[in-house]
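Beneath this line is the structure, given in structure tokens, with notes to follow.
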Amino acid sequence: MRAQSTAPAPAVRTSFTGHWQLDIAASRSNFAGPSSFTLDIVDANDSIMVATEAAYDAQHPRRSTQVYTPDGVGRVVPATALLSTEANGSSTTEEVTSNKKVTSGWAGDTLVVTTLVTLIQQDIRIVERWVLDGGTLRIHREATGGDTPLISDTVLRRSRGA
């Protein structure tokens with residue numbers, strides 16, 4: 001297991017601030033992803049506030065807000081997840097709440113966010129690597145702890161903002 005980066009932010013870096021929209025054609029994952037996904041980000045250098053809206057097919061959009069403080073210090077925050085199960089020909093979705101520990105820091109010009117959460121007696125570790133390339137934000141995400149690692153490469157395009 002690699003230690004979380006505690007490196008300071010790069011001296012000069014591009015701001016994450018803006019409204020970001022999912023580019024479905026450029027994104028990849030080994031699990032069903034959202035049909036629409038947006039991020040509204042306010043990057044204040046010492047903290048990054050991310051408002052997320054995600055919709056999965058006909059479901060109503062789910063909204064959440066997370067503040068990352070990329071200083072390498074872990075913070076415990078509430079977590080909510082939707083879990084879907086299928087049994088006897090029918091499917092159900094339930095909302096599960098827990099706490100999660102979120103640690104964010106810099107590895108060069110990459111923002112690394114590590115989340116540790118326990119859902120239904122299962123420890124899950126999610127590592128995200130956020131990389132900016134002009135008007136494109138790429139988030140590589142790996143979630144481990146279940147039977148199969150969940151891996152995604154999400155590509156978002158800046159539609160307005162910095």
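We label chains A, B, ... in the order they appear in the structure tokens, count residues from 1 in each chain, and number ligands from 1 in the order shown.
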
Using only C-alpha atoms, which residues sit within 6 Å of segment 107-119 of chain A once same-chain residues fewer than 4 positions away are excluded, as a compact mmCIF listing (two decimals) with all heavy atoms, in the first residue's frame?
# COMPACT_ATOMS: atom_id res chain seq x y z
N SER A 5 0.28 10.98 -0.51
CA SER A 5 1.23 12.06 -0.75
C SER A 5 0.94 13.23 0.20
O SER A 5 -0.19 13.59 0.43
CB SER A 5 1.10 12.55 -2.19
OG SER A 5 1.82 13.74 -2.36
N PRO A 10 1.81 22.02 -6.46
CA PRO A 10 2.82 22.59 -7.35
C PRO A 10 2.81 24.12 -7.25
O PRO A 10 1.76 24.73 -7.02
CB PRO A 10 2.36 22.14 -8.74
CG PRO A 10 1.44 20.98 -8.49
CD PRO A 10 0.84 21.20 -7.14
N LYS A 100 -16.79 8.02 6.17
CA LYS A 100 -15.64 7.71 5.34
C LYS A 100 -14.49 8.60 5.75
O LYS A 100 -14.68 9.69 6.28
CB LYS A 100 -15.97 7.89 3.85
CG LYS A 100 -16.34 9.31 3.46
CD LYS A 100 -16.74 9.39 1.99
CE LYS A 100 -17.18 10.79 1.61
NZ LYS A 100 -17.58 10.87 0.20
N LYS A 101 -13.27 8.09 5.54
CA LYS A 101 -12.07 8.89 5.81
C LYS A 101 -11.50 9.28 4.46
O LYS A 101 -11.18 8.43 3.63
CB LYS A 101 -11.05 8.09 6.60
CG LYS A 101 -9.80 8.90 6.92
CD LYS A 101 -8.82 8.10 7.76
CE LYS A 101 -7.59 8.94 8.08
NZ LYS A 101 -6.61 8.13 8.82
N VAL A 102 -11.40 10.59 4.24
CA VAL A 102 -10.92 11.12 2.97
C VAL A 102 -9.59 11.84 3.20
O VAL A 102 -9.48 12.70 4.08
CB VAL A 102 -11.95 12.10 2.35
CG1 VAL A 102 -11.43 12.67 1.05
CG2 VAL A 102 -13.29 11.42 2.16
N THR A 103 -8.59 11.46 2.41
CA THR A 103 -7.28 12.08 2.46
C THR A 103 -6.93 12.55 1.06
O THR A 103 -7.09 11.78 0.11
CB THR A 103 -6.21 11.08 2.95
OG1 THR A 103 -6.64 10.52 4.19
CG2 THR A 103 -4.86 11.75 3.13
N ASP A 123 -14.87 -3.39 3.90
CA ASP A 123 -13.96 -2.26 3.80
C ASP A 123 -13.64 -2.00 2.34
O ASP A 123 -13.24 -2.90 1.60
CB ASP A 123 -12.65 -2.55 4.55
CG ASP A 123 -12.88 -2.65 6.05
OD1 ASP A 123 -13.81 -2.01 6.57
OD2 ASP A 123 -12.11 -3.39 6.71
N ILE A 124 -13.82 -0.75 1.93
CA ILE A 124 -13.59 -0.35 0.54
C ILE A 124 -12.58 0.78 0.53
O ILE A 124 -12.66 1.71 1.33
CB ILE A 124 -14.90 0.10 -0.13
CG1 ILE A 124 -15.90 -1.07 -0.12
CG2 ILE A 124 -14.66 0.60 -1.55
CD1 ILE A 124 -17.30 -0.69 -0.52
N ARG A 125 -11.63 0.68 -0.37
CA ARG A 125 -10.62 1.72 -0.56
C ARG A 125 -10.76 2.25 -1.98
O ARG A 125 -10.71 1.48 -2.94
CB ARG A 125 -9.23 1.16 -0.35
CG ARG A 125 -8.18 2.22 -0.55
CD ARG A 125 -6.81 1.70 -0.38
NE ARG A 125 -5.96 2.88 -0.60
CZ ARG A 125 -4.68 2.85 -0.64
NH1 ARG A 125 -4.04 1.77 -0.45
NH2 ARG A 125 -4.00 3.94 -0.86
N ILE A 126 -10.93 3.55 -2.10
CA ILE A 126 -11.07 4.20 -3.41
C ILE A 126 -9.92 5.19 -3.56
O ILE A 126 -9.72 6.05 -2.71
CB ILE A 126 -12.41 4.93 -3.52
CG1 ILE A 126 -13.57 3.98 -3.25
CG2 ILE A 126 -12.54 5.59 -4.90
CD1 ILE A 126 -14.89 4.67 -2.98
N VAL A 127 -9.17 5.04 -4.64
CA VAL A 127 -8.09 5.97 -4.94
C VAL A 127 -8.41 6.65 -6.26
O VAL A 127 -8.65 5.98 -7.27
CB VAL A 127 -6.72 5.27 -5.02
CG1 VAL A 127 -5.62 6.27 -5.38
CG2 VAL A 127 -6.39 4.57 -3.71
N GLU A 128 -8.44 7.99 -6.23
CA GLU A 128 -8.70 8.79 -7.42
C GLU A 128 -7.47 9.62 -7.73
O GLU A 128 -6.84 10.16 -6.82
CB GLU A 128 -9.87 9.74 -7.22
CG GLU A 128 -11.18 9.05 -6.94
CD GLU A 128 -12.31 10.02 -6.65
OE1 GLU A 128 -12.03 11.22 -6.36
OE2 GLU A 128 -13.46 9.59 -6.72
N ARG A 129 -7.16 9.73 -9.01
CA ARG A 129 -6.06 10.58 -9.48
C ARG A 129 -6.65 11.57 -10.47
O ARG A 129 -7.12 11.18 -11.53
CB ARG A 129 -4.96 9.74 -10.13
CG ARG A 129 -4.34 8.78 -9.14
CD ARG A 129 -3.18 7.99 -9.76
NE ARG A 129 -2.65 7.06 -8.79
CZ ARG A 129 -1.91 7.38 -7.74
NH1 ARG A 129 -1.59 8.63 -7.52
NH2 ARG A 129 -1.47 6.46 -6.91
N TRP A 130 -6.64 12.85 -10.10
CA TRP A 130 -7.21 13.93 -10.90
C TRP A 130 -6.09 14.63 -11.65
O TRP A 130 -5.16 15.17 -11.03
CB TRP A 130 -7.90 14.94 -10.00
CG TRP A 130 -9.09 14.44 -9.24
CD1 TRP A 130 -9.25 13.24 -8.61
CD2 TRP A 130 -10.30 15.16 -9.02
NE1 TRP A 130 -10.49 13.18 -8.02
CE2 TRP A 130 -11.15 14.35 -8.24
CE3 TRP A 130 -10.73 16.44 -9.39
CZ2 TRP A 130 -12.40 14.76 -7.84
CZ3 TRP A 130 -11.99 16.84 -8.99
CH2 TRP A 130 -12.82 16.01 -8.22
N VAL A 131 -6.21 14.67 -12.98
CA VAL A 131 -5.21 15.31 -13.82
C VAL A 131 -5.90 16.29 -14.76
O VAL A 131 -6.87 15.93 -15.44
CB VAL A 131 -4.43 14.25 -14.65
CG1 VAL A 131 -3.44 14.93 -15.59
CG2 VAL A 131 -3.74 13.26 -13.75

query = Got a sec to tell me which of segment 47-149 of chain A DSSP assigns to strand (DSSP E), as a PyMOL selection string?
reply = chain A and resi 48-55+62-68+75-87+90-107+110-119+122-133+136-144

Atoms kept (C-alpha atoms) for selection, written as an mmCIF file, in the first residue's frame:
data_model
loop_
_atom_site.group_PDB
_atom_site.id
_atom_site.type_symbol
_atom_site.label_atom_id
_atom_site.label_comp_id
_atom_site.auth_asym_id
_atom_site.auth_seq_id
_atom_site.Cartn_x
_atom_site.Cartn_y
_atom_site.Cartn_z
ATOM 1 C CA ILE A 48 -11.233 22.344 -3.443
ATOM 2 C CA MET A 49 -15.039 22.257 -3.179
ATOM 3 C CA VAL A 50 -16.708 19.796 -5.551
ATOM 4 C CA ALA A 51 -20.490 19.739 -6.101
ATOM 5 C CA THR A 52 -21.454 16.573 -7.979
ATOM 6 C CA GLU A 53 -24.631 15.693 -9.839
ATOM 7 C CA ALA A 54 -24.984 12.202 -11.272
ATOM 8 C CA ALA A 55 -27.933 10.446 -12.911
ATOM 9 C CA ARG A 62 -28.087 12.471 -7.049
ATOM 10 C CA ARG A 63 -26.318 15.528 -5.661
ATOM 11 C CA SER A 64 -23.471 15.719 -3.193
ATOM 12 C CA THR A 65 -20.778 18.136 -2.098
ATOM 13 C CA GLN A 66 -17.282 17.284 -0.942
ATOM 14 C CA VAL A 67 -14.482 19.603 0.178
ATOM 15 C CA TYR A 68 -10.943 18.357 -0.361
ATOM 16 C CA ARG A 75 -10.714 13.702 7.598
ATOM 17 C CA VAL A 76 -13.771 11.686 8.622
ATOM 18 C CA VAL A 77 -16.964 12.804 6.887
ATOM 19 C CA PRO A 78 -20.456 11.300 6.422
ATOM 20 C CA ALA A 79 -20.963 9.033 3.410
ATOM 21 C CA THR A 80 -24.113 7.964 1.601
ATOM 22 C CA ALA A 81 -24.225 5.283 -1.084
ATOM 23 C CA LEU A 82 -26.934 3.686 -3.182
ATOM 24 C CA LEU A 83 -26.679 -0.088 -3.214
ATOM 25 C CA SER A 84 -28.611 -2.121 -5.762
ATOM 26 C CA THR A 85 -29.346 -5.795 -5.326
ATOM 27 C CA GLU A 86 -31.125 -8.320 -7.518
ATOM 28 C CA ALA A 87 -32.899 -11.386 -6.173
ATOM 29 C CA SER A 90 -36.582 -8.170 -8.919
ATOM 30 C CA SER A 91 -34.135 -5.459 -8.047
ATOM 31 C CA THR A 92 -34.090 -3.100 -5.102
ATOM 32 C CA THR A 93 -32.058 -0.034 -4.319
ATOM 33 C CA GLU A 94 -31.374 1.143 -0.808
ATOM 34 C CA GLU A 95 -29.534 4.120 0.592
ATOM 35 C CA VAL A 96 -26.783 3.206 3.046
ATOM 36 C CA THR A 97 -25.039 5.712 5.301
ATOM 37 C CA SER A 98 -21.669 5.405 6.974
ATOM 38 C CA ASN A 99 -18.593 7.505 7.670
ATOM 39 C CA LYS A 100 -15.637 7.709 5.336
ATOM 40 C CA LYS A 101 -12.071 8.887 5.808
ATOM 41 C CA VAL A 102 -10.920 11.120 2.971
ATOM 42 C CA THR A 103 -7.282 12.084 2.463
ATOM 43 C CA SER A 104 -6.111 14.268 -0.406
ATOM 44 C CA GLY A 105 -2.688 15.474 -1.438
ATOM 45 C CA TRP A 106 -0.433 16.193 -4.383
ATOM 46 C CA ALA A 107 1.795 13.858 -6.392
ATOM 47 C CA THR A 110 -1.857 15.248 -9.861
ATOM 48 C CA LEU A 111 -4.439 15.530 -7.082
ATOM 49 C CA VAL A 112 -4.653 12.164 -5.301
ATOM 50 C CA VAL A 113 -7.773 11.473 -3.233
ATOM 51 C CA THR A 114 -7.962 8.324 -1.085
ATOM 52 C CA THR A 115 -11.252 7.341 0.531
ATOM 53 C CA LEU A 116 -11.676 4.541 3.077
ATOM 54 C CA VAL A 117 -15.248 3.482 3.868
ATOM 55 C CA THR A 118 -17.016 0.460 5.324
ATOM 56 C CA LEU A 119 -20.341 -0.433 3.704
ATOM 57 C CA GLN A 122 -17.024 -4.517 3.759
ATOM 58 C CA ASP A 123 -13.957 -2.263 3.802
ATOM 59 C CA ILE A 124 -13.590 -0.351 0.544
ATOM 60 C CA ARG A 125 -10.619 1.725 -0.559
ATOM 61 C CA ILE A 126 -11.067 4.195 -3.408
ATOM 62 C CA VAL A 127 -8.092 5.973 -4.935
ATOM 63 C CA GLU A 128 -8.700 8.787 -7.424
ATOM 64 C CA ARG A 129 -6.060 10.577 -9.482
ATOM 65 C CA TRP A 130 -7.209 13.927 -10.899
ATOM 66 C CA VAL A 131 -5.207 15.309 -13.824
ATOM 67 C CA LEU A 132 -5.916 18.557 -15.692
ATOM 68 C CA ASP A 133 -5.002 18.933 -19.342
ATOM 69 C CA THR A 136 -10.072 18.345 -19.912
ATOM 70 C CA LEU A 137 -10.216 16.794 -16.438
ATOM 71 C CA ARG A 138 -9.342 13.102 -16.212
ATOM 72 C CA ILE A 139 -10.171 11.163 -13.064
ATOM 73 C CA HIS A 140 -8.753 7.651 -12.784
ATOM 74 C CA ARG A 141 -10.582 5.770 -10.008
ATOM 75 C CA GLU A 142 -9.858 2.361 -8.501
ATOM 76 C CA ALA A 143 -12.105 0.886 -5.813
ATOM 77 C CA THR A 144 -10.868 -2.249 -4.075
#

query = Leaving out segment 12-29 of chain A and any residue of its chain fewer than 5 positions from it, which residues lie within 7 Å of it when counting only C-alpha atoms, given as an MDAnalysis selection string?
reply = chainID A and resid 36:43 109 151:162

task = For atom CA of Gly74 of chain A and atom CA of Gly145 of chain A, quote the distance in Å rounded to one decimal.
result = 19.2 Å

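Put simply, atom CA of Pro61 of chain A is 26.2 Å away from atom CA of Thr148 of chain A.
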
request  = Between atom CA of Gly134 of chain A and atom CA of Pro149 of chain A, measure the distance and give it in Å to one decimal.
outcome  =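 Separating atom CA of Gly134 of chain A from atom CA of Pro149 of chain A is a distance of 29.6 Å.
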
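By only C-alpha atoms, and with residues fewer than 5 positions from Asp46 of chain A along its chain excluded, the set lying at most 8 Å from it is Thr69, Pro70 and Asp71 of chain A.
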